[in-house]
file protein-v4.cif (mmCIF, C-alpha atoms)
data_query
loop_
_atom_site.group_PDB
_atom_site.id
_atom_site.type_symbol
_atom_site.label_atom_id
_atom_site.label_comp_id
_atom_site.auth_asym_id
_atom_site.auth_seq_id
_atom_site.Cartn_x
_atom_site.Cartn_y
_atom_site.Cartn_z
ATOM 1 C CA MET A 1 -13.579 -43.798 -41.611
ATOM 2 C CA SER A 2 -10.645 -41.375 -41.901
ATOM 3 C CA ILE A 3 -7.182 -42.569 -40.941
ATOM 4 C CA ARG A 4 -5.641 -40.563 -38.114
ATOM 5 C CA ARG A 5 -2.022 -39.614 -38.722
ATOM 6 C CA GLY A 6 0.890 -38.814 -36.478
ATOM 7 C CA THR A 7 1.461 -35.297 -35.270
ATOM 8 C CA ASP A 8 3.244 -32.770 -37.457
ATOM 9 C CA ALA A 9 4.499 -29.178 -37.186
ATOM 10 C CA PHE A 10 1.006 -27.739 -37.684
ATOM 11 C CA SER A 11 -0.602 -29.837 -34.943
ATOM 12 C CA PHE A 12 2.285 -29.008 -32.612
ATOM 13 C CA GLN A 13 1.777 -25.273 -33.186
ATOM 14 C CA VAL A 14 -1.967 -25.571 -32.573
ATOM 15 C CA MET A 15 -1.354 -27.570 -29.385
ATOM 16 C CA ILE A 16 1.017 -24.893 -28.071
ATOM 17 C CA VAL A 17 -1.744 -22.279 -28.493
ATOM 18 C CA LEU A 18 -4.381 -24.542 -26.916
ATOM 19 C CA CYS A 19 -2.180 -25.463 -23.951
ATOM 20 C CA ALA A 20 -1.365 -21.806 -23.345
ATOM 21 C CA LEU A 21 -5.096 -20.966 -23.343
ATOM 22 C CA TRP A 22 -5.936 -23.853 -20.988
ATOM 23 C CA GLY A 23 -3.065 -22.937 -18.678
ATOM 24 C CA LEU A 24 -4.255 -19.325 -18.587
ATOM 25 C CA GLN A 25 -7.795 -20.305 -17.529
ATOM 26 C CA GLN A 26 -7.044 -20.792 -13.813
ATOM 27 C CA VAL A 27 -4.983 -17.598 -13.800
ATOM 28 C CA ALA A 28 -7.884 -15.644 -15.329
ATOM 29 C CA ILE A 29 -10.338 -16.992 -12.739
ATOM 30 C CA LYS A 30 -8.081 -16.041 -9.833
ATOM 31 C CA LEU A 31 -7.211 -12.659 -11.343
ATOM 32 C CA ALA A 32 -10.920 -11.720 -11.471
ATOM 33 C CA ALA A 33 -11.878 -13.348 -8.154
ATOM 34 C CA ARG A 34 -12.055 -10.016 -6.311
ATOM 35 C CA ASP A 35 -14.600 -8.671 -8.785
ATOM 36 C CA MET A 36 -16.635 -11.847 -9.309
ATOM 37 C CA ALA A 37 -16.733 -15.063 -7.278
ATOM 38 C CA PRO A 38 -15.032 -18.001 -9.074
ATOM 39 C CA VAL A 39 -18.231 -20.109 -8.750
ATOM 40 C CA LEU A 40 -20.252 -17.424 -10.536
ATOM 41 C CA GLN A 41 -17.536 -17.122 -13.178
ATOM 42 C CA ALA A 42 -17.712 -20.875 -13.772
ATOM 43 C CA ALA A 43 -21.516 -20.752 -14.071
ATOM 44 C CA LEU A 44 -21.544 -17.858 -16.534
ATOM 45 C CA ARG A 45 -18.761 -19.259 -18.697
ATOM 46 C CA SER A 46 -20.637 -22.569 -18.891
ATOM 47 C CA GLY A 47 -23.861 -20.793 -19.878
ATOM 48 C CA ILE A 48 -22.174 -18.745 -22.595
ATOM 49 C CA ALA A 49 -20.378 -21.761 -24.024
ATOM 50 C CA ALA A 50 -23.531 -23.937 -23.847
ATOM 51 C CA LEU A 51 -25.440 -21.307 -25.849
ATOM 52 C CA LEU A 52 -22.726 -21.160 -28.504
ATOM 53 C CA VAL A 53 -22.430 -24.954 -28.752
ATOM 54 C CA GLY A 54 -26.238 -25.259 -28.940
ATOM 55 C CA LEU A 55 -26.391 -22.745 -31.781
ATOM 56 C CA LEU A 56 -23.597 -24.581 -33.602
ATOM 57 C CA MET A 57 -25.416 -27.899 -33.228
ATOM 58 C CA THR A 58 -28.650 -26.360 -34.500
ATOM 59 C CA TRP A 59 -26.827 -25.028 -37.534
ATOM 60 C CA ARG A 60 -25.131 -28.364 -38.238
ATOM 61 C CA GLY A 61 -28.097 -30.538 -37.260
ATOM 62 C CA GLY A 62 -26.324 -32.272 -34.411
ATOM 63 C CA TRP A 63 -29.240 -32.972 -32.091
ATOM 64 C CA GLU A 64 -29.928 -36.497 -33.361
ATOM 65 C CA GLY A 65 -27.792 -37.886 -30.541
ATOM 66 C CA LEU A 66 -30.627 -37.059 -28.126
ATOM 67 C CA ARG A 67 -32.576 -39.947 -29.633
ATOM 68 C CA GLN A 68 -29.728 -42.433 -29.091
ATOM 69 C CA GLY A 69 -30.240 -42.956 -25.358
ATOM 70 C CA THR A 70 -27.538 -40.503 -24.321
ATOM 71 C CA LEU A 71 -29.531 -38.643 -21.664
ATOM 72 C CA ARG A 72 -28.499 -40.828 -18.726
ATOM 73 C CA GLY A 73 -24.809 -40.654 -19.569
ATOM 74 C CA GLY A 74 -25.131 -36.961 -20.349
ATOM 75 C CA LEU A 75 -26.643 -36.190 -16.946
ATOM 76 C CA LEU A 76 -23.876 -38.097 -15.161
ATOM 77 C CA ALA A 77 -21.132 -36.461 -17.233
ATOM 78 C CA GLY A 78 -22.699 -33.056 -16.645
ATOM 79 C CA PHE A 79 -22.859 -33.610 -12.887
ATOM 80 C CA LEU A 80 -19.208 -34.698 -12.717
ATOM 81 C CA PHE A 81 -18.212 -31.746 -14.916
ATOM 82 C CA THR A 82 -20.026 -29.478 -12.449
ATOM 83 C CA VAL A 83 -18.190 -31.013 -9.506
ATOM 84 C CA GLU A 84 -14.884 -30.487 -11.306
ATOM 85 C CA PHE A 85 -15.404 -26.766 -11.801
ATOM 86 C CA LEU A 86 -16.932 -26.284 -8.367
ATOM 87 C CA LEU A 87 -13.796 -27.796 -6.829
ATOM 88 C CA ILE A 88 -11.592 -25.649 -9.085
ATOM 89 C CA ALA A 89 -13.451 -22.539 -7.941
ATOM 90 C CA LEU A 90 -13.114 -23.526 -4.293
ATOM 91 C CA SER A 91 -9.458 -24.532 -4.579
ATOM 92 C CA LEU A 92 -8.431 -21.172 -6.039
ATOM 93 C CA GLY A 93 -9.541 -19.550 -2.794
ATOM 94 C CA TYR A 94 -6.880 -21.503 -0.880
ATOM 95 C CA THR A 95 -3.989 -22.266 -3.205
ATOM 96 C CA SER A 96 -2.233 -20.829 -6.227
ATOM 97 C CA ALA A 97 -3.381 -21.056 -9.834
ATOM 98 C CA GLY A 98 -0.128 -22.854 -10.656
ATOM 99 C CA HIS A 99 -0.849 -25.562 -8.109
ATOM 100 C CA VAL A 100 -4.369 -26.004 -9.485
ATOM 101 C CA ALA A 101 -3.041 -26.246 -13.047
ATOM 102 C CA VAL A 102 -0.718 -29.118 -12.081
ATOM 103 C CA PHE A 103 -3.045 -31.095 -9.819
ATOM 104 C CA LEU A 104 -6.031 -30.722 -12.150
ATOM 105 C CA TYR A 105 -4.094 -32.557 -14.850
ATOM 106 C CA THR A 106 -3.894 -35.692 -12.750
ATOM 107 C CA ALA A 107 -7.200 -36.474 -14.496
ATOM 108 C CA PRO A 108 -5.690 -38.937 -17.043
ATOM 109 C CA VAL A 109 -4.391 -41.062 -14.163
ATOM 110 C CA PHE A 110 -7.833 -41.323 -12.561
ATOM 111 C CA SER A 111 -9.554 -41.970 -15.895
ATOM 112 C CA ALA A 112 -7.024 -44.717 -16.711
ATOM 113 C CA LEU A 113 -7.719 -46.397 -13.361
ATOM 114 C CA GLY A 114 -11.489 -46.158 -13.865
ATOM 115 C CA LEU A 115 -11.378 -47.504 -17.405
ATOM 116 C CA HIS A 116 -9.086 -50.328 -16.248
ATOM 117 C CA LEU A 117 -11.807 -51.436 -13.827
ATOM 118 C CA LEU A 118 -14.769 -51.061 -16.212
ATOM 119 C CA LEU A 119 -13.560 -51.890 -19.717
ATOM 120 C CA PRO A 120 -11.576 -55.098 -20.451
ATOM 121 C CA HIS A 121 -9.819 -53.592 -23.478
ATOM 122 C CA GLU A 122 -8.575 -50.634 -21.402
ATOM 123 C CA ARG A 123 -6.369 -52.667 -19.073
ATOM 124 C CA LEU A 124 -3.343 -50.802 -17.781
ATOM 125 C CA ARG A 125 0.108 -51.812 -19.026
ATOM 126 C CA PRO A 126 3.310 -51.949 -16.922
ATOM 127 C CA PHE A 127 4.476 -48.500 -18.104
ATOM 128 C CA GLN A 128 1.119 -47.045 -17.046
ATOM 129 C CA TRP A 129 1.236 -48.628 -13.599
ATOM 130 C CA LEU A 130 4.717 -47.144 -13.212
ATOM 131 C CA GLY A 131 3.329 -43.775 -14.303
ATOM 132 C CA ILE A 132 0.556 -43.950 -11.693
ATOM 133 C CA ALA A 133 3.104 -44.677 -8.951
ATOM 134 C CA VAL A 134 5.323 -41.793 -10.109
ATOM 135 C CA CYS A 135 2.349 -39.429 -10.301
ATOM 136 C CA PHE A 136 1.121 -40.111 -6.776
ATOM 137 C CA THR A 137 4.681 -39.871 -5.475
ATOM 138 C CA GLY A 138 4.854 -36.436 -7.083
ATOM 139 C CA ILE A 139 1.590 -35.386 -5.413
ATOM 140 C CA ALA A 140 2.977 -36.431 -2.017
ATOM 141 C CA VAL A 141 6.242 -34.550 -2.601
ATOM 142 C CA ALA A 142 4.376 -31.413 -3.695
ATOM 143 C CA PHE A 143 2.046 -31.593 -0.687
ATOM 144 C CA ILE A 144 4.946 -31.965 1.744
ATOM 145 C CA GLY A 145 6.591 -28.882 0.261
ATOM 146 C CA GLY A 146 4.336 -26.491 2.173
ATOM 147 C CA SER A 147 4.374 -22.782 1.443
ATOM 148 C CA SER A 148 7.167 -20.481 0.326
ATOM 149 C CA THR A 149 7.932 -19.784 4.008
ATOM 150 C CA GLY A 150 9.001 -23.389 4.538
ATOM 151 C CA HIS A 151 6.130 -24.193 6.902
ATOM 152 C CA LEU A 152 3.147 -26.400 6.206
ATOM 153 C CA ASP A 153 0.314 -24.162 5.042
ATOM 154 C CA ARG A 154 -2.963 -25.887 5.887
ATOM 155 C CA ARG A 155 -4.972 -23.576 3.640
ATOM 156 C CA MET A 156 -2.738 -24.324 0.672
ATOM 157 C CA LEU A 157 -2.855 -28.025 1.512
ATOM 158 C CA LEU A 158 -6.669 -27.878 1.467
ATOM 159 C CA GLY A 159 -6.630 -26.035 -1.854
ATOM 160 C CA ASP A 160 -4.224 -28.569 -3.358
ATOM 161 C CA ALA A 161 -6.452 -31.419 -2.145
ATOM 162 C CA LEU A 162 -9.496 -29.755 -3.734
ATOM 163 C CA ALA A 163 -7.544 -29.405 -6.996
ATOM 164 C CA VAL A 164 -6.711 -33.119 -6.941
ATOM 165 C CA GLY A 165 -10.419 -33.726 -6.322
ATOM 166 C CA ALA A 166 -11.167 -31.667 -9.426
ATOM 167 C CA GLY A 167 -8.740 -33.872 -11.360
ATOM 168 C CA LEU A 168 -10.560 -36.936 -10.016
ATOM 169 C CA ALA A 169 -13.921 -35.520 -11.135
ATOM 170 C CA TRP A 170 -12.491 -34.784 -14.604
ATOM 171 C CA GLY A 171 -11.102 -38.307 -14.824
ATOM 172 C CA LEU A 172 -14.462 -39.800 -13.792
ATOM 173 C CA THR A 173 -16.168 -37.640 -16.424
ATOM 174 C CA THR A 174 -13.999 -39.305 -19.068
ATOM 175 C CA VAL A 175 -14.916 -42.716 -17.669
ATOM 176 C CA ALA A 176 -18.633 -41.819 -17.728
ATOM 177 C CA VAL A 177 -18.391 -40.754 -21.370
ATOM 178 C CA ARG A 178 -16.399 -43.810 -22.476
ATOM 179 C CA ALA A 179 -18.607 -46.284 -20.593
ATOM 180 C CA SER A 180 -21.948 -44.880 -21.811
ATOM 181 C CA ARG A 181 -23.700 -44.216 -25.114
ATOM 182 C CA LEU A 182 -21.952 -40.859 -25.183
ATOM 183 C CA SER A 183 -18.900 -42.694 -26.546
ATOM 184 C CA GLU A 184 -20.766 -42.989 -29.867
ATOM 185 C CA ALA A 185 -22.448 -39.561 -29.755
ATOM 186 C CA PRO A 186 -21.155 -36.401 -31.462
ATOM 187 C CA ALA A 187 -18.516 -34.640 -29.386
ATOM 188 C CA ALA A 188 -20.496 -31.402 -29.499
ATOM 189 C CA LEU A 189 -23.487 -33.088 -27.843
ATOM 190 C CA THR A 190 -21.304 -34.426 -25.024
ATOM 191 C CA LEU A 191 -19.855 -30.956 -24.529
ATOM 192 C CA PHE A 192 -23.347 -29.408 -24.535
ATOM 193 C CA TYR A 193 -24.567 -31.799 -21.832
ATOM 194 C CA GLN A 194 -21.629 -30.870 -19.634
ATOM 195 C CA LEU A 195 -21.876 -27.129 -20.158
ATOM 196 C CA ALA A 196 -25.666 -26.833 -19.862
ATOM 197 C CA ILE A 197 -25.889 -28.903 -16.677
ATOM 198 C CA ALA A 198 -22.899 -27.104 -15.162
ATOM 199 C CA PHE A 199 -24.537 -23.744 -15.871
ATOM 200 C CA VAL A 200 -27.746 -24.697 -14.060
ATOM 201 C CA LEU A 201 -26.087 -26.393 -11.079
ATOM 202 C CA LEU A 202 -23.256 -23.902 -10.566
ATOM 203 C CA LEU A 203 -25.649 -20.971 -10.819
ATOM 204 C CA GLY A 204 -27.780 -22.679 -8.170
ATOM 205 C CA VAL A 205 -24.720 -23.119 -5.937
ATOM 206 C CA ALA A 206 -23.817 -19.453 -6.422
ATOM 207 C CA PHE A 207 -27.305 -18.348 -5.347
ATOM 208 C CA VAL A 208 -27.467 -20.698 -2.344
ATOM 209 C CA THR A 209 -24.023 -19.691 -1.061
ATOM 210 C CA GLY A 210 -24.511 -15.989 -1.733
ATOM 211 C CA LYS A 211 -21.752 -15.834 -4.342
ATOM 212 C CA THR A 212 -23.863 -13.906 -6.875
ATOM 213 C CA GLY A 213 -22.835 -10.588 -5.375
ATOM 214 C CA PRO A 214 -21.451 -8.118 -4.973
ATOM 215 C CA VAL A 215 -20.181 -8.179 -8.553
ATOM 216 C CA ALA A 216 -17.966 -5.504 -10.051
ATOM 217 C CA LEU A 217 -18.234 -5.554 -13.843
ATOM 218 C CA THR A 218 -14.642 -4.497 -14.354
ATOM 219 C CA PRO A 219 -12.783 -5.150 -17.609
ATOM 220 C CA ILE A 220 -10.888 -7.953 -15.839
ATOM 221 C CA ALA A 221 -14.089 -9.677 -14.627
ATOM 222 C CA VAL A 222 -15.933 -9.362 -17.945
ATOM 223 C CA GLY A 223 -12.826 -10.330 -19.886
ATOM 224 C CA SER A 224 -12.277 -13.387 -17.678
ATOM 225 C CA VAL A 225 -15.823 -14.695 -18.207
ATOM 226 C CA LEU A 226 -15.754 -14.054 -21.963
ATOM 227 C CA PHE A 227 -12.303 -15.607 -22.270
ATOM 228 C CA GLN A 228 -13.408 -18.728 -20.414
ATOM 229 C CA GLY A 229 -16.771 -19.012 -22.190
ATOM 230 C CA VAL A 230 -15.956 -18.071 -25.775
ATOM 231 C CA VAL A 231 -12.253 -18.794 -26.183
ATOM 232 C CA VAL A 232 -11.656 -21.752 -23.848
ATOM 233 C CA SER A 233 -14.957 -23.622 -23.412
ATOM 234 C CA PHE A 234 -16.148 -23.084 -26.991
ATOM 235 C CA ALA A 235 -13.401 -22.329 -29.506
ATOM 236 C CA SER A 236 -10.499 -24.250 -27.933
ATOM 237 C CA TYR A 237 -12.572 -27.361 -27.190
ATOM 238 C CA LEU A 238 -13.860 -27.455 -30.769
ATOM 239 C CA ALA A 239 -10.293 -27.078 -32.035
ATOM 240 C CA TRP A 240 -9.253 -29.961 -29.754
ATOM 241 C CA PHE A 241 -12.028 -32.207 -31.099
ATOM 242 C CA TRP A 242 -11.008 -31.215 -34.646
ATOM 243 C CA LEU A 243 -7.440 -32.343 -33.920
ATOM 244 C CA LEU A 244 -8.677 -35.607 -32.409
ATOM 245 C CA ARG A 245 -10.503 -36.448 -35.666
ATOM 246 C CA ARG A 246 -7.312 -36.024 -37.681
ATOM 247 C CA TYR A 247 -4.384 -37.003 -35.455
ATOM 248 C CA LEU A 248 -3.551 -39.892 -33.129
ATOM 249 C CA ALA A 249 -4.951 -39.153 -29.671
ATOM 250 C CA SER A 250 -1.928 -40.663 -27.898
ATOM 251 C CA ASN A 251 0.420 -38.254 -29.687
ATOM 252 C CA LEU A 252 -1.750 -35.244 -28.875
ATOM 253 C CA ALA A 253 -1.986 -36.328 -25.245
ATOM 254 C CA VAL A 254 1.792 -36.047 -24.919
ATOM 255 C CA PHE A 255 1.687 -32.431 -26.111
ATOM 256 C CA SER A 256 -1.163 -31.572 -23.736
ATOM 257 C CA PHE A 257 1.227 -31.934 -20.784
ATOM 258 C CA MET A 258 2.477 -28.461 -21.662
ATOM 259 C CA THR A 259 -0.721 -27.054 -20.109
ATOM 260 C CA PRO A 260 0.420 -27.296 -16.449
ATOM 261 C CA LEU A 261 3.762 -25.777 -17.437
ATOM 262 C CA PHE A 262 1.962 -22.796 -18.957
ATOM 263 C CA GLY A 263 -0.310 -22.603 -15.897
ATOM 264 C CA VAL A 264 2.607 -22.462 -13.461
ATOM 265 C CA THR A 265 4.603 -20.026 -15.604
ATOM 266 C CA LEU A 266 1.673 -17.649 -16.162
ATOM 267 C CA GLY A 267 0.776 -17.829 -12.475
ATOM 268 C CA VAL A 268 4.299 -16.665 -11.591
ATOM 269 C CA LEU A 269 4.405 -13.951 -14.280
ATOM 270 C CA ILE A 270 0.875 -12.559 -13.915
ATOM 271 C CA LEU A 271 -0.094 -13.294 -10.305
ATOM 272 C CA HIS A 272 3.464 -13.288 -8.904
ATOM 273 C CA GLU A 273 2.869 -16.662 -7.264
ATOM 274 C CA PRO A 274 5.842 -18.131 -5.382
ATOM 275 C CA LEU A 275 7.328 -21.532 -6.104
ATOM 276 C CA THR A 276 8.934 -23.974 -3.694
ATOM 277 C CA VAL A 277 11.581 -26.546 -4.539
ATOM 278 C CA ASN A 278 9.337 -29.360 -3.300
ATOM 279 C CA PHE A 279 6.444 -28.246 -5.476
ATOM 280 C CA VAL A 280 8.633 -27.976 -8.579
ATOM 281 C CA LEU A 281 10.082 -31.447 -7.927
ATOM 282 C CA GLY A 282 6.621 -32.848 -7.218
ATOM 283 C CA ALA A 283 5.193 -31.207 -10.335
ATOM 284 C CA VAL A 284 7.939 -32.759 -12.475
ATOM 285 C CA LEU A 285 7.117 -36.191 -11.059
ATOM 286 C CA VAL A 286 3.376 -35.642 -11.601
ATOM 287 C CA LEU A 287 3.917 -34.650 -15.231
ATOM 288 C CA ALA A 288 6.302 -37.567 -15.787
ATOM 289 C CA GLY A 289 3.740 -39.967 -14.345
ATOM 290 C CA ILE A 290 0.932 -38.549 -16.453
ATOM 291 C CA GLY A 291 3.193 -38.830 -19.492
ATOM 292 C CA LEU A 292 3.763 -42.531 -18.822
ATOM 293 C CA VAL A 293 0.029 -43.152 -18.351
ATOM 294 C CA SER A 294 -1.340 -41.180 -21.309
ATOM 295 C CA GLY A 295 1.593 -41.492 -23.692
ATOM 296 C CA GLU A 296 2.236 -45.200 -23.131
ATOM 297 C CA ALA A 297 1.266 -46.197 -26.685
ATOM 298 C CA TRP A 298 3.372 -43.429 -28.191
ATOM 299 C CA LEU A 299 6.299 -44.331 -25.939
ATOM 300 C CA ARG A 300 6.097 -48.000 -26.939
ATOM 301 C CA ARG A 301 6.212 -47.025 -30.621
ATOM 302 C CA VAL A 302 9.243 -44.791 -30.033
ATOM 303 C CA LEU A 303 11.083 -47.546 -28.124
ATOM 304 C CA ALA A 304 10.158 -50.121 -30.780
ATOM 305 C CA ARG A 305 11.531 -47.892 -33.558
ATOM 306 C CA ALA A 306 14.698 -47.243 -31.550
ATOM 307 C CA MET A 307 15.249 -50.951 -30.944
ATOM 308 C CA SER A 308 14.563 -51.761 -34.585
ATOM 309 C CA THR A 309 17.031 -49.117 -35.746
ATOM 310 C CA GLY A 310 19.637 -50.373 -33.282
ATOM 311 C CA SER A 311 19.267 -53.986 -34.432
ATOM 312 C CA ARG A 312 19.606 -52.984 -38.106
ATOM 313 C CA GLN A 313 22.785 -51.047 -37.333
ATOM 314 C CA GLU A 314 24.249 -54.056 -35.507
ATOM 315 C CA ASN A 315 23.510 -56.280 -38.504
#

call {"tool": "encode", "arguments": {"input": "protein-v4.cif", "output": "structure tokens"}}
result
Amino acid sequence: MSIRRGTDAFSFQVMIVLCALWGLQQVAIKLAARDMAPVLQAALRSGIAALLVGLLMTWRGGWEGLRQGTLRGGLLAGFLFTVEFLLIALSLGYTSAGHVAVFLYTAPVFSALGLHLLLPHERLRPFQWLGIAVCFTGIAVAFIGGSSTGHLDRRMLLGDALAVGAGLAWGLTTVAVRASRLSEAPAALTLFYQLAIAFVLLLGVAFVTGKTGPVALTPIAVGSVLFQGVVVSFASYLAWFWLLRRYLASNLAVFSFMTPLFGVTLGVLILHEPLTVNFVLGAVLVLAGIGLVSGEAWLRRVLARAMSTGSRQEN
């Protein structure tokens, strides 16, 4: 078993690129929403990525996990993954891409709570409980902020709530993977389950709700689907799994908090989305809370080194 090392300059540079791509995803969906419904975009991107992951697994011989009793966990993870992207698609019709980018990344908080309840060795520590409290305080502050006009915007509030729901679904997906046989399966197989099931279910939702048309195959619409399917759902996820095999997950998790920052910034620059003081303050609290929850192990190591250095200097 290879020893995972701490992050270095190379991993930091890769994480900056990945976080920028992940932050751009919501912006791309909203930018192309006039030409193609977000639900249909989500279905097509999942289908494209599932095909690419399936071909990669065939080439590498990665289908043996199907014989390890992973189907049940795979179906559950795929369903929750579908719910996540359905809620993302719906939320973008009511709120800004920047709001979705922030609230979606509440997922680590929900996954930490779920794992705390299901797995004895995943019990939350005091720093993490503090992080959860800070995160939910941030959500409340951001919700109270209302729109840029200073009045409570019920549509935006609904969209923000749907985005938090998407974060909950993402967090529960992590719990489903960790608490099932998928935890021992190849990462590519877990990703394939999620993408393939999401493609089938989201395409069904698009047909039932009439979101399959009209479709304008503009460069923005085609580019959005290809960007989401090839670059984000396939290439960036594989790069993320590659990093996880070589570096400490807790260290990488700290860097991943740059994603909402990219999402908000790109939403302002590309979509000209407004920002309110309450949302910015709430977003800061949300990110701080997520940092305490996901980066607790890293933070403990940093504090331990600082205390050790301080005690040596005193002696």

call {"tool": "residues_around", "arguments": {"input": "protein-v4.cif", "residues": "range 150-166 of chain A", "least_positions_apart": "5", "cutoff": "9 Å", "atoms": "all atoms listed in the file", "output": "list in words"}}
result
Phe81, Val83, Glu84, Phe85, Leu86, Leu87, Ile88, Leu90, Ser91, Leu92, Gly93, Tyr94, Thr95, Ser96, His99, Val100, Ala101, Val102, Phe103, Leu104, Tyr105, Thr106, Ala107, Ile139, Phe143, Ile144, Gly145, Gly171 and Thr276 of chain A

call {"tool": "residues_around", "arguments": {"input": "protein-v4.cif", "residues": "Val53 in chain A", "least_positions_apart": "2", "cutoff": "7 Å", "atoms": "all atoms listed in the file", "output": "PDB file with C-alpha atoms, in the frame of the given file"}}
result
ATOM      1  CA  ALA A  49     -20.378 -21.761 -24.024  1.00  0.00           C
ATOM      2  CA  ALA A  50     -23.531 -23.937 -23.847  1.00  0.00           C
ATOM      3  CA  LEU A  51     -25.440 -21.307 -25.849  1.00  0.00           C
ATOM      4  CA  LEU A  55     -26.391 -22.745 -31.781  1.00  0.00           C
ATOM      5  CA  LEU A  56     -23.597 -24.581 -33.602  1.00  0.00           C
ATOM      6  CA  MET A  57     -25.416 -27.899 -33.228  1.00  0.00           C
ATOM      7  CA  ALA A 188     -20.496 -31.402 -29.499  1.00  0.00           C
ATOM      8  CA  PHE A 192     -23.347 -29.408 -24.535  1.00  0.00           C
ATOM      9  CA  PHE A 234     -16.148 -23.084 -26.991  1.00  0.00           C
TER      10      PHE A 234
END

call {"tool": "atom_distance", "arguments": {"input": "protein-v4.cif", "atom1": "CA of Gln228 in chain A", "atom2": "CA of Lys30 in chain A"}}
result
12.1 Å

call {"tool": "closest_residue", "arguments": {"input": "protein-v4.cif", "among": "A:Ala176, A:Leu18, A:Cys135, A:Val27", "to": "Ile220 in chain A", "atoms": "only C-alpha atoms"}}
result
A:Val27

call {"tool": "axis_aligned_box", "arguments": {"input": "protein-v4.cif", "around": "range 194-213 of chain A", "padding_each_side": "3 Å", "output": "lines of an AutoDock Vina configuration file"}}
result
center_x = -24.7
center_y = -20.7
center_z = -10.6
size_x = 12.2
size_y = 26.3
size_z = 25.1
